[in-house]
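> Following this line is upload-v5.pdb, made up of PDB, C-alpha atoms, pLDDT in the B column:
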```
ATOM      1  CA  MET A 442      10.409  16.224  -7.794  1.00 49.00           C
ATOM      2  CA  GLU A 443      10.407  14.199  -4.588  1.00 65.00           C
ATOM      3  CA  GLU A 444       7.494  11.860  -3.898  1.00 73.00           C
ATOM      4  CA  LYS A 445       5.525  12.201  -0.708  1.00 85.00           C
ATOM      5  CA  GLN A 446       6.283   9.375   1.724  1.00 93.00           C
ATOM      6  CA  ILE A 447       2.913   7.667   2.167  1.00 94.00           C
ATOM      7  CA  CYS A 448       2.054   4.009   2.642  1.00 94.00           C
ATOM      8  CA  GLN A 449       0.841   3.569  -0.952  1.00 93.00           C
ATOM      9  CA  THR A 450       4.335   4.352  -2.327  1.00 94.00           C
ATOM     10  CA  CYS A 451       6.148   2.024   0.121  1.00 95.00           C
ATOM     11  CA  LYS A 452       7.490  -1.372  -0.940  1.00 95.00           C
ATOM     12  CA  HIS A 453       6.097  -2.964   2.257  1.00 96.00           C
ATOM     13  CA  PHE A 454       2.483  -1.900   1.530  1.00 96.00           C
ATOM     14  CA  ARG A 455       0.070  -4.489   0.076  1.00 96.00           C
ATOM     15  CA  GLN A 456      -2.993  -3.035  -1.628  1.00 95.00           C
ATOM     16  CA  HIS A 457      -6.489  -4.462  -0.997  1.00 96.00           C
ATOM     17  CA  TYR A 458      -8.956  -4.931  -3.860  1.00 96.00           C
ATOM     18  CA  ILE A 459     -12.715  -5.523  -4.220  1.00 96.00           C
ATOM     19  CA  LYS A 460     -13.951  -8.044  -6.777  1.00 95.00           C
ATOM     20  CA  TRP A 461     -16.583  -6.476  -9.013  1.00 92.00           C
ATOM     21  CA  GLY A 462     -18.507  -8.855 -11.241  1.00 92.00           C
ATOM     22  CA  ASP A 463     -16.847 -11.935 -12.720  1.00 90.00           C
ATOM     23  CA  ASP A 464     -13.370 -10.678 -13.569  1.00 90.00           C
ATOM     24  CA  SER A 465     -13.019  -7.049 -12.555  1.00 95.00           C
ATOM     25  CA  TYR A 466     -11.138  -5.777  -9.487  1.00 95.00           C
ATOM     26  CA  HIS A 467     -11.167  -2.272  -8.024  1.00 95.00           C
ATOM     27  CA  ILE A 468      -8.654  -0.716  -5.641  1.00 94.00           C
ATOM     28  CA  CYS A 469      -9.842  -0.029  -2.070  1.00 94.00           C
ATOM     29  CA  ARG A 470      -8.575   2.874   0.009  1.00 94.00           C
ATOM     30  CA  SER A 471      -6.926   0.393   2.359  1.00 95.00           C
ATOM     31  CA  GLY A 472      -4.286  -2.289   2.518  1.00 96.00           C
ATOM     32  CA  HIS A 473      -1.759  -3.592   4.987  1.00 95.00           C
ATOM     33  CA  CYS A 474       1.920  -3.244   5.813  1.00 95.00           C
ATOM     34  CA  VAL A 475       4.057  -6.378   6.054  1.00 95.00           C
ATOM     35  CA  TYR A 476       7.159  -4.993   7.775  1.00 94.00           C
ATOM     36  CA  PRO A 477       8.135  -5.596  10.569  1.00 91.00           C
ATOM     37  CA  ARG A 478       4.716  -7.136  11.274  1.00 91.00           C
ATOM     38  CA  ARG A 479       1.345  -7.068   9.554  1.00 93.00           C
ATOM     39  CA  LYS A 480      -0.764  -4.014  10.362  1.00 93.00           C
ATOM     40  CA  PRO A 481      -3.719  -2.298   8.616  1.00 94.00           C
ATOM     41  CA  ARG A 482      -3.030   0.952   6.744  1.00 95.00           C
ATOM     42  CA  TYR A 483      -4.818   3.388   4.448  1.00 94.00           C
ATOM     43  CA  ASN A 484      -3.294   4.403   1.108  1.00 93.00           C
ATOM     44  CA  ASN A 485      -2.664   8.012   2.097  1.00 93.00           C
ATOM     45  CA  THR A 486      -1.379   7.359   5.644  1.00 92.00           C
ATOM     46  CA  GLU A 487       1.928   9.066   6.396  1.00 95.00           C
ATOM     47  CA  ALA A 488       4.666   6.438   6.140  1.00 94.00           C
ATOM     48  CA  CYS A 489       6.414   5.048   9.209  1.00 93.00           C
ATOM     49  CA  GLN A 490      10.155   4.870   9.939  1.00 94.00           C
ATOM     50  CA  HIS A 491      10.435   1.612   7.927  1.00 95.00           C
ATOM     51  CA  TYR A 492       9.485   3.351   4.655  1.00 95.00           C
ATOM     52  CA  LYS A 493      11.304   2.246   1.499  1.00 95.00           C
ATOM     53  CA  ALA A 494      10.271   3.563  -1.889  1.00 94.00           C
ATOM     54  CA  LYS A 495       8.905   1.052  -4.402  1.00 91.00           C
ATOM     55  CA  GLU A 496      11.320   0.212  -7.182  1.00 86.00           C
ATOM     56  CA  ALA A 497      10.261   1.347 -10.642  1.00 76.00           C
ATOM     57  CA  ALA A 498       8.848  -1.435 -12.825  1.00 68.00           C
ATOM     58  CA  GLU A 499      10.834  -2.071 -15.981  1.00 61.00           C
TER      59      GLU A 499
END
```
Produce structure tokens that represent the structure in this file.

Amino acid sequence: MEEKQICQTCKHFRQHYIKWGDDSYHICRSGHCVYPRRKPRYNNTEACQHYKAKEAAE
């Protein structure tokens, strides 16, 4: 099954988090893209032409 190409599944996307309490972090619905320049993005935004799938963690 092929994954949908959205910002959240791109290797250039950096997720934003909210600190909750002393040591707990929660994912926001936003982040930013770092390629070719920094720009704000939402997790479910359709990916741009620079999309590259994240590599699977081993």
> Evaluate the PyMOL selection byres ((chain A and resi 489) around 12) on the structure here and hand back the selected residues as a ChimeraX atom specification.
/A:446-451,453-454,474,476-477,480,482,485-488,490-494
> Quick one, how far is atom CA of A:Gly472 from atom CA of A:Ile459?
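Interatomic distance, atom CA of A:Gly472 to atom CA of A:Ile459: 11.3 Å.
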> Can you work out which one of A:Lys445, A:Lys452, A:His457, A:Lys495 has the shortest atom-to-atom distance to A:Val475, counting only C-alpha atoms?
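Among the listed residues, the smallest separation from A:Val475 belongs to A:Lys452.
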> List as a PyMOL selection string the protein and nucleic acid residues near stretch 460-471 of chain A, meaning an atom at most 8 Å away when only C-alpha atoms are counted, but skip any in the same chain fewer than 2 places from it.
chain A and resi 456-458+473+481-484
> I'd like the box whose edges run along x, y and z of the file and which contains every listed atom of stretch 488-499 of chain A, padded by 6 Å per side; could you state its centre and edge lengths in Å, one decimal, as AutoDock Vina command-line options?

```
--center_x 8.0 --center_y 2.2 --center_z -3.0 --size_x 18.7 --size_y 20.5 --size_z 37.9
```
